[in-house]
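Asker: Sharing structure13.pdb below, PDB, C-alpha atoms:
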ATOM      1  CA  SER A   1      31.785  15.313  19.613
ATOM      2  CA  GLN A   2      29.601  12.251  19.480
ATOM      3  CA  GLU A   3      28.384  11.303  16.001
ATOM      4  CA  LEU A   4      25.951   8.583  15.071
ATOM      5  CA  GLU A   5      25.714   7.021  11.639
ATOM      6  CA  GLN A   6      22.638   5.017  10.699
ATOM      7  CA  SER A   7      22.270   2.557   7.872
ATOM      8  CA  PRO A   8      20.444   2.143   5.699
ATOM      9  CA  GLN A   9      18.985   5.615   5.258
ATOM     10  CA  SER A  10      15.833   4.134   3.841
ATOM     11  CA  LEU A  11      14.389   0.682   3.675
ATOM     12  CA  ILE A  12      11.414  -0.794   1.856
ATOM     13  CA  VAL A  13      10.334  -4.275   2.870
ATOM     14  CA  GLN A  14       7.437  -6.562   2.166
ATOM     15  CA  GLU A  15       5.013  -7.048   5.024
ATOM     16  CA  GLY A  16       5.984 -10.072   7.044
ATOM     17  CA  LYS A  17       9.694  -9.821   6.295
ATOM     18  CA  ASN A  18      12.414  -9.241   8.860
ATOM     19  CA  LEU A  19      14.693  -6.244   8.775
ATOM     20  CA  THR A  20      17.648  -4.724  10.577
ATOM     21  CA  ILE A  21      18.712  -1.124  11.097
ATOM     22  CA  ASN A  22      22.212  -0.277  12.293
ATOM     23  CA  CYS A  23      23.601   2.598  14.299
ATOM     24  CA  THR A  24      27.352   3.150  14.575
ATOM     25  CA  SER A  25      28.999   5.563  16.928
ATOM     26  CA  SER A  26      32.255   7.441  16.573
ATOM     27  CA  LYS A  27      32.846   7.014  20.308
ATOM     28  CA  THR A  28      32.051   4.510  23.029
ATOM     29  CA  LEU A  29      28.391   4.634  23.882
ATOM     30  CA  TYR A  30      27.342   5.040  27.479
ATOM     31  CA  GLY A  31      23.693   5.056  26.647
ATOM     32  CA  LEU A  32      22.069   4.245  23.312
ATOM     33  CA  TYR A  33      18.415   4.977  22.726
ATOM     34  CA  TRP A  34      16.087   4.004  19.939
ATOM     35  CA  TYR A  35      13.147   6.163  18.938
ATOM     36  CA  LYS A  36      10.432   5.925  16.344
ATOM     37  CA  GLN A  37       8.995   8.938  14.569
ATOM     38  CA  LYS A  38       5.994   8.955  12.320
ATOM     39  CA  TYR A  39       6.270  11.465   9.522
ATOM     40  CA  GLY A  40       5.584  14.973  10.802
ATOM     41  CA  GLU A  41       5.208  13.889  14.402
ATOM     42  CA  GLY A  42       7.242  13.732  17.575
ATOM     43  CA  LEU A  43       9.446  10.894  18.772
ATOM     44  CA  ILE A  44       8.351   7.837  20.679
ATOM     45  CA  PHE A  45      10.922   6.211  22.956
ATOM     46  CA  LEU A  46      11.413   2.523  22.166
ATOM     47  CA  MET A  47      14.365   1.181  24.133
ATOM     48  CA  MET A  48      17.526   2.060  25.974
ATOM     49  CA  LEU A  49      20.747   0.025  25.998
ATOM     50  CA  GLN A  50      23.644   0.685  28.317
ATOM     51  CA  LYS A  51      25.746  -2.424  28.777
ATOM     52  CA  GLY A  52      28.004  -4.064  26.219
ATOM     53  CA  GLY A  53      26.279  -7.107  24.785
ATOM     54  CA  GLU A  54      22.898  -6.004  26.090
ATOM     55  CA  GLU A  55      19.804  -7.043  24.199
ATOM     56  CA  LYS A  56      16.233  -5.930  24.763
ATOM     57  CA  SER A  57      13.000  -6.889  23.103
ATOM     58  CA  HIS A  58       9.558  -5.384  22.972
ATOM     59  CA  GLU A  59       6.929  -7.172  20.972
ATOM     60  CA  LYS A  60       8.560  -7.797  17.598
ATOM     61  CA  ILE A  61      11.397  -5.321  17.995
ATOM     62  CA  THR A  62      14.799  -6.332  19.357
ATOM     63  CA  ALA A  63      17.683  -3.980  19.974
ATOM     64  CA  LYS A  64      21.265  -4.977  20.692
ATOM     65  CA  LEU A  65      24.401  -3.146  21.743
ATOM     66  CA  ASP A  66      27.694  -4.752  20.798
ATOM     67  CA  GLU A  67      30.359  -5.676  23.331
ATOM     68  CA  LYS A  68      32.544  -2.725  22.386
ATOM     69  CA  LYS A  69      29.570  -0.399  22.826
ATOM     70  CA  GLN A  70      30.050   1.351  19.522
ATOM     71  CA  GLN A  71      27.371  -0.252  17.420
ATOM     72  CA  SER A  72      23.718  -1.029  17.934
ATOM     73  CA  SER A  73      21.191  -2.818  15.783
ATOM     74  CA  LEU A  74      17.418  -2.736  15.745
ATOM     75  CA  HIS A  75      15.749  -5.833  14.380
ATOM     76  CA  ILE A  76      12.085  -6.132  13.472
ATOM     77  CA  THR A  77      10.626  -9.571  13.004
ATOM     78  CA  ALA A  78       7.640 -10.233  10.736
ATOM     79  CA  SER A  79       7.188  -6.560   9.905
ATOM     80  CA  GLN A  80       3.740  -4.997   9.860
ATOM     81  CA  PRO A  81       2.395  -1.756   8.363
ATOM     82  CA  SER A  82       2.338  -0.291  11.886
ATOM     83  CA  HIS A  83       6.134  -0.529  11.968
ATOM     84  CA  ALA A  84       6.459   2.039   9.190
ATOM     85  CA  GLY A  85       8.099   5.294  10.177
ATOM     86  CA  ILE A  86      11.466   6.825  10.836
ATOM     87  CA  TYR A  87      13.738   5.109  13.325
ATOM     88  CA  LEU A  88      16.339   7.209  15.080
ATOM     89  CA  CYS A  89      19.107   6.176  17.364
ATOM     90  CA  GLY A  90      20.191   8.643  20.008
ATOM     91  CA  ALA A  91      23.047   8.813  22.478
ATOM     92  CA  ASP A  92      24.208  10.909  25.372
ATOM     93  CA  GLY A  93      26.043  13.875  23.960
ATOM     94  CA  GLY A  94      27.100  15.231  27.326
ATOM     95  CA  ALA A  95      25.669  18.191  29.246
ATOM     96  CA  GLN A  96      22.092  16.882  29.275
ATOM     97  CA  LYS A  97      22.065  16.603  25.491
ATOM     98  CA  LEU A  98      20.980  13.869  23.164
ATOM     99  CA  VAL A  99      22.554  13.478  19.760
ATOM    100  CA  PHE A 100      20.738  11.620  17.013
ATOM    101  CA  GLY A 101      21.574   9.629  13.951
ATOM    102  CA  GLN A 102      20.147  10.830  10.658
ATOM    103  CA  GLY A 103      17.323   8.337  10.830
ATOM    104  CA  THR A 104      16.194   5.352   8.789
ATOM    105  CA  ARG A 105      12.939   5.704   6.883
ATOM    106  CA  LEU A 106      11.109   2.384   6.904
ATOM    107  CA  THR A 107       8.322   1.618   4.445
ATOM    108  CA  ILE A 108       6.310  -1.578   4.686
ATOM    109  CA  ASN A 109       4.618  -2.747   1.522
ATOM    110  CA  PRO A 110       1.465  -4.804   1.969
TER
ATOM    111  CA  GLY B   1       2.508   8.592  30.563
ATOM    112  CA  ALA B   2       4.065  12.013  30.257
ATOM    113  CA  VAL B   3       2.496  14.165  27.569
ATOM    114  CA  VAL B   4       3.995  17.140  25.822
ATOM    115  CA  SER B   5       1.948  19.332  23.529
ATOM    116  CA  GLN B   6       2.969  21.914  20.991
ATOM    117  CA  HIS B   7       0.986  24.744  19.544
ATOM    118  CA  PRO B   8       0.445  25.443  16.778
ATOM    119  CA  SER B   9       0.948  22.180  14.901
ATOM    120  CA  TRP B  10       1.604  24.128  11.736
ATOM    121  CA  VAL B  11       1.959  27.758  10.830
ATOM    122  CA  ILE B  12       2.502  29.753   7.658
ATOM    123  CA  CYS B  13       3.870  33.253   7.981
ATOM    124  CA  LYS B  14       5.237  35.952   5.756
ATOM    125  CA  SER B  15       8.901  36.770   5.556
ATOM    126  CA  GLY B  16       9.897  39.352   8.137
ATOM    127  CA  THR B  17       7.237  38.502  10.689
ATOM    128  CA  SER B  18       7.735  36.722  14.009
ATOM    129  CA  VAL B  19       6.214  33.438  15.052
ATOM    130  CA  LYS B  20       5.813  32.007  18.543
ATOM    131  CA  ILE B  21       5.658  28.273  19.201
ATOM    132  CA  GLU B  22       4.521  26.926  22.554
ATOM    133  CA  CYS B  23       5.629  23.729  24.241
ATOM    134  CA  ARG B  24       3.719  22.493  27.271
ATOM    135  CA  SER B  25       4.196  19.557  29.599
ATOM    136  CA  LEU B  26       0.661  18.534  30.464
ATOM    137  CA  ASP B  27       1.056  16.178  33.395
ATOM    138  CA  PHE B  28       4.504  16.734  34.816
ATOM    139  CA  GLN B  29       6.837  19.534  35.749
ATOM    140  CA  ALA B  30       9.476  20.034  33.128
ATOM    141  CA  THR B  31      12.577  21.447  34.701
ATOM    142  CA  THR B  32      14.405  21.165  31.388
ATOM    143  CA  MET B  33      13.080  21.668  27.906
ATOM    144  CA  PHE B  34      14.856  21.188  24.612
ATOM    145  CA  TRP B  35      14.175  22.677  21.209
ATOM    146  CA  TYR B  36      15.113  20.782  18.083
ATOM    147  CA  ARG B  37      14.946  21.559  14.426
ATOM    148  CA  GLN B  38      14.469  18.952  11.736
ATOM    149  CA  PHE B  39      14.883  19.494   8.013
ATOM    150  CA  PRO B  40      13.280  17.090   5.534
ATOM    151  CA  LYS B  41      14.938  13.684   5.562
ATOM    152  CA  GLN B  42      17.406  14.820   8.182
ATOM    153  CA  SER B  43      17.855  14.152  11.837
ATOM    154  CA  LEU B  44      16.950  16.312  14.772
ATOM    155  CA  MET B  45      19.411  19.053  15.521
ATOM    156  CA  LEU B  46      19.411  20.451  19.016
ATOM    157  CA  MET B  47      18.988  24.202  18.972
ATOM    158  CA  ALA B  48      18.917  25.051  22.654
ATOM    159  CA  THR B  49      18.389  23.761  26.149
ATOM    160  CA  SER B  50      16.366  25.720  28.639
ATOM    161  CA  ASN B  51      16.051  25.254  32.369
ATOM    162  CA  GLU B  52      13.089  26.801  34.129
ATOM    163  CA  GLY B  53      13.805  30.257  35.372
ATOM    164  CA  SER B  54      17.154  30.671  33.672
ATOM    165  CA  LYS B  55      18.442  31.692  30.280
ATOM    166  CA  ALA B  56      18.564  29.142  27.520
ATOM    167  CA  THR B  57      21.834  27.581  26.424
ATOM    168  CA  TYR B  58      22.149  27.712  22.667
ATOM    169  CA  GLU B  59      24.072  25.323  20.490
ATOM    170  CA  GLN B  60      26.897  26.581  18.368
ATOM    171  CA  GLY B  61      25.650  28.258  15.234
ATOM    172  CA  VAL B  62      22.160  29.001  16.563
ATOM    173  CA  GLU B  63      21.416  32.718  16.695
ATOM    174  CA  LYS B  64      20.180  33.717  20.118
ATOM    175  CA  ASP B  65      18.569  36.902  18.886
ATOM    176  CA  LYS B  66      16.721  35.140  16.141
ATOM    177  CA  PHE B  67      15.415  32.190  18.130
ATOM    178  CA  LEU B  68      14.166  33.554  21.427
ATOM    179  CA  ILE B  69      13.456  30.945  24.058
ATOM    180  CA  ASN B  70      11.537  31.572  27.244
ATOM    181  CA  HIS B  71      11.002  28.960  29.956
ATOM    182  CA  ALA B  72       9.092  30.984  32.484
ATOM    183  CA  SER B  73       7.224  28.144  34.184
ATOM    184  CA  LEU B  74       7.651  24.445  34.869
ATOM    185  CA  THR B  75       5.088  23.565  32.244
ATOM    186  CA  LEU B  76       5.658  26.041  29.439
ATOM    187  CA  SER B  77       8.482  26.994  27.123
ATOM    188  CA  THR B  78       8.153  29.175  24.062
ATOM    189  CA  LEU B  79      10.288  29.533  20.969
ATOM    190  CA  THR B  80       9.908  32.742  19.011
ATOM    191  CA  VAL B  81      11.355  32.904  15.527
ATOM    192  CA  THR B  82      11.957  36.587  14.949
ATOM    193  CA  SER B  83      12.035  38.191  11.507
ATOM    194  CA  ALA B  84      11.441  34.832   9.898
ATOM    195  CA  HIS B  85      12.887  34.058   6.487
ATOM    196  CA  PRO B  86      12.166  31.191   4.073
ATOM    197  CA  GLU B  87      15.323  29.387   5.224
ATOM    198  CA  ASP B  88      13.762  29.179   8.709
ATOM    199  CA  SER B  89      11.065  26.927   7.304
ATOM    200  CA  SER B  90      11.453  23.660   9.136
ATOM    201  CA  PHE B  91       9.898  21.237  11.578
ATOM    202  CA  TYR B  92      10.457  22.352  15.162
ATOM    203  CA  ILE B  93      10.158  19.796  17.945
ATOM    204  CA  CYS B  94      10.371  20.381  21.663
ATOM    205  CA  SER B  95      11.025  17.855  24.366
ATOM    206  CA  ALA B  96      10.684  18.072  28.111
ATOM    207  CA  ARG B  97      12.261  16.321  31.023
ATOM    208  CA  GLY B  98      11.408  16.360  34.698
ATOM    209  CA  PRO B  99      13.834  16.433  37.616
ATOM    210  CA  PHE B 100      15.829  13.293  38.431
ATOM    211  CA  GLN B 101      15.260  11.877  34.968
ATOM    212  CA  GLY B 102      17.902  10.472  32.661
ATOM    213  CA  ASN B 103      18.762  11.918  29.287
ATOM    214  CA  TYR B 104      16.618   9.418  27.446
ATOM    215  CA  GLU B 105      13.585  10.342  29.465
ATOM    216  CA  GLN B 106      12.795  13.258  27.232
ATOM    217  CA  TYR B 107       9.187  13.368  26.200
ATOM    218  CA  PHE B 108       8.727  14.817  22.775
ATOM    219  CA  GLY B 109       6.018  17.084  21.501
ATOM    220  CA  PRO B 110       4.310  16.369  18.184
ATOM    221  CA  GLY B 111       6.215  19.132  16.423
ATOM    222  CA  THR B 112       5.351  22.372  14.666
ATOM    223  CA  ARG B 113       5.804  22.786  10.948
ATOM    224  CA  LEU B 114       6.790  26.334  10.072
ATOM    225  CA  THR B 115       6.560  27.583   6.510
ATOM    226  CA  VAL B 116       7.824  31.067   5.761
ATOM    227  CA  THR B 117       6.676  32.518   2.458
TER
END
Reformat the file's structure so that it appears as structure tokens.
Answerer:
Amino acid sequence: SQELEQSPQSLIVQEGKNLTINCTSSKTLYGLYWYKQKYGEGLIFLMMLQKGGEEKSHEKITAKLDEKKQQSSLHITASQPSHAGIYLCGADGGAQKLVFGQGTRLTINP
Amino acid sequence: GAVVSQHPSWVICKSGTSVKIECRSLDFQATTMFWYRQFPKQSLMLMATSNEGSKATYEQGVEKDKFLINHASLTLSTLTVTSAHPEDSSFYICSARGPFQGNYEQYFGPGTRLTVT
């Protein structure tokens, strides 16, 4: 079965700094999705990557999928307090299912 | 955008009682709804998938008789935790997807925090 490993599990950065979160798959990814979750709330869809080497950006967040389609990274530039939360990568697990990584808890210190 | 609501947002119940959680798609018809469970500092674990008008498909290890799922309409699914025990305390999140939508197009509810005392 598909398994996703995220690193780091938690991250504390100073406001204004850049940061990167990684998501590694045990199998080739045919769809990799990034979500953000605020503590105790539901998930907000951020981006979807499907092609090897694909890169997408939205505001200060950039997500990439490597050529082999087994690893994705989420990069935040000039972090802000609003970026704080839990970031989860998700992937197609077959049969309509999504499987998720364990999440990365991001804290932004002012 | 598509909105999914959950009710209640939090609930405390006594051990042995049953609790019902509702998941509603407010502005679209959800042909498929998913129920997830999330323990503190852990990821979402899919419990079951339900398609409107048919029985839910449960993931391995999830007790069907304990977690009753009903998806009787295109806008409502319910999860009933029967004979709840403290180990059932968790954060339950539903998501909904309309027809012809990809896997990632699941719209998530805000979650329900269940505490069993």
Asker: Go through chain B and flag each residue having an atom no more than 9 Å from chain A; for those, report the closest pair of atoms plus their distance in Å to one decimal, using only C-alpha atoms, ordered by chain and rising number, as a Markdown table.
Answerer:
| residue | atom | partner | partner_atom | distance |
| --- | --- | --- | --- | --- |
| B:Phe34 | CA | A:Lys97 | CA | 8.6 |
| B:Lys41 | CA | A:Gln102 | CA | 7.8 |
| B:Gln42 | CA | A:Gln102 | CA | 5.4 |
| B:Ser43 | CA | A:Gln102 | CA | 4.2 |
| B:Leu44 | CA | A:Phe100 | CA | 6.4 |
| B:Met45 | CA | A:Val99 | CA | 7.7 |
| B:Leu46 | CA | A:Val99 | CA | 7.7 |
| B:Thr49 | CA | A:Lys97 | CA | 8.1 |
| B:Phe91 | CA | A:Gly40 | CA | 7.6 |
| B:Ile93 | CA | A:Gly42 | CA | 6.7 |
| B:Cys94 | CA | A:Gly42 | CA | 8.4 |
| B:Ser95 | CA | A:Gly42 | CA | 8.8 |
| B:Gly102 | CA | A:Gln96 | CA | 8.4 |
| B:Asn103 | CA | A:Gln96 | CA | 6.0 |
| B:Tyr104 | CA | A:Tyr33 | CA | 6.7 |
| B:Glu105 | CA | A:Phe45 | CA | 8.2 |
| B:Gln106 | CA | A:Phe45 | CA | 8.5 |
| B:Tyr107 | CA | A:Leu43 | CA | 7.8 |
| B:Phe108 | CA | A:Gly42 | CA | 5.5 |
| B:Gly109 | CA | A:Gly42 | CA | 5.3 |
| B:Pro110 | CA | A:Gly42 | CA | 4.0 |
| B:Gly111 | CA | A:Gly42 | CA | 5.6 |
| B:Thr112 | CA | A:Gly40 | CA | 8.4 |
| B:Arg113 | CA | A:Gly40 | CA | 7.8 |
Asker: Out of A:Thr107, A:Gln50, A:Gln2, A:Asn22, which residue has the shortest atom-to-atom distance to A:Ser79 when counting only C-alpha atoms?
Answerer: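 Comparing A:Thr107, A:Gln50, A:Gln2, A:Asn22 against A:Ser79, the winner is A:Thr107.
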Asker: In Å to one decimal, how far is atom CA of A:Leu65 from atom CA of A:Leu49?
Answerer: 6.4 Å
Asker: Using all atoms listed in the file, which of B:Val19, B:Ala72, B:Glu59, B:Arg97 sits nearest B:Arg37?
Answerer: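 The answer is B:Glu59, which sits nearest to B:Arg37.
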Asker: Atom CA of A:Lys64 to atom CA of A:Ser25: how many Å, to one decimal?
Answerer: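 If I compute the distance from atom CA of A:Lys64 to atom CA of A:Ser25, I get 13.6 Å.
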Asker: Report as an MDAnalysis selection string the residues that result from applying the PyMOL selection byres ((chain B and resi 2) around 9) to the structure here.
Answerer: chainID B and resid 1 3:4 25:28 107
Asker: Can you turn the PyMOL selection byres ((chain A and resi 21) around 7) into a concrete residue list for this file, as a count of residues only?
Answerer: 9
Asker: Determine, counting all atoms listed in the file, which protein, DNA and RNA residues have an atom within 7 Å of an atom of B:Leu79; residues of the same chain fewer than 5 positions away are not included. Present the result as a list in words.
Answerer: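 After dropping sequence-adjacent residues, the list is Lys20, Ile21, Glu22, Phe67, Leu68, Ile69 and Asn70 of chain B.
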Asker: Rank B:Ser9, B:Thr31, B:Thr115, B:Ser73 by their smallest atom-to-atom distance to B:Ser89, using all atoms listed in the file, and report the top residue only.
Answerer: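 Closest candidate: B:Thr115.
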Asker: What is the distance, in Å and to one decimal place, between atom CA of A:Lys36 and atom CA of A:Gly85?
Answerer: 6.6 Å
Asker: What would the selection look like, as a CSV table (one decimal) with C-alpha atoms, in the coordinates of the input, if the PyMOL selection byres ((chain B and resi 82-85) around 8) were run on the coordinates I just shared?
Answerer:
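Just written: result04.csv:
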chain,number,residue,atom,x,y,z
B,13,CYS,CA,3.9,33.3,8.0
B,14,LYS,CA,5.2,36.0,5.8
B,15,SER,CA,8.9,36.8,5.6
B,16,GLY,CA,9.9,39.4,8.1
B,17,THR,CA,7.2,38.5,10.7
B,18,SER,CA,7.7,36.7,14.0
B,19,VAL,CA,6.2,33.4,15.1
B,65,ASP,CA,18.6,36.9,18.9
B,66,LYS,CA,16.7,35.1,16.1
B,67,PHE,CA,15.4,32.2,18.1
B,68,LEU,CA,14.2,33.6,21.4
B,80,THR,CA,9.9,32.7,19.0
B,81,VAL,CA,11.4,32.9,15.5
B,86,PRO,CA,12.2,31.2,4.1
B,87,GLU,CA,15.3,29.4,5.2
B,88,ASP,CA,13.8,29.2,8.7
B,89,SER,CA,11.1,26.9,7.3
B,116,VAL,CA,7.8,31.1,5.8
B,117,THR,CA,6.7,32.5,2.5
Asker: A:Lys17, A:Ala84, A:Glu54, A:Asn109: which is nearest A:Ser72, counting all atoms listed in the file?
Answerer: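 Among the listed residues, the smallest separation from A:Ser72 belongs to A:Glu54.
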Asker: Nearest to A:His83: which of A:Ser26, A:Leu11, A:Glu3, A:Asp66 is it, counting only C-alpha atoms?
Answerer: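 Smallest separation from A:His83 among the options: A:Leu11.
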Asker: Extract, using only C-alpha atoms, all DNA, RNA and protein residues at most 6 Å from A:Ile76, discarding same-chain residues fewer than 2 positions from it, and format them as a list of chain:residue names.
Answerer: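 These residues fall inside the cut-off: A:Asn18, A:Leu19, A:Lys60, A:Ile61.
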Asker: Selected residues, C-alpha atoms, written as a JSON list (two decimals), keeping the file's coordinate frame, please.
Answerer:
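That gives us result12.json:
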[["chain", "number", "residue", "atom", "x", "y", "z"],
["A", 18, "ASN", "CA", 12.41, -9.24, 8.86],
["A", 19, "LEU", "CA", 14.69, -6.24, 8.78],
["A", 60, "LYS", "CA", 8.56, -7.80, 17.60],
["A", 61, "ILE", "CA", 11.40, -5.32, 18.00]]
Asker: Which is closer to B:Ala56 than all the others in B:Leu114, B:Met33, B:Cys23, B:Ala96, using all atoms listed in the file?
Answerer: B:Met33
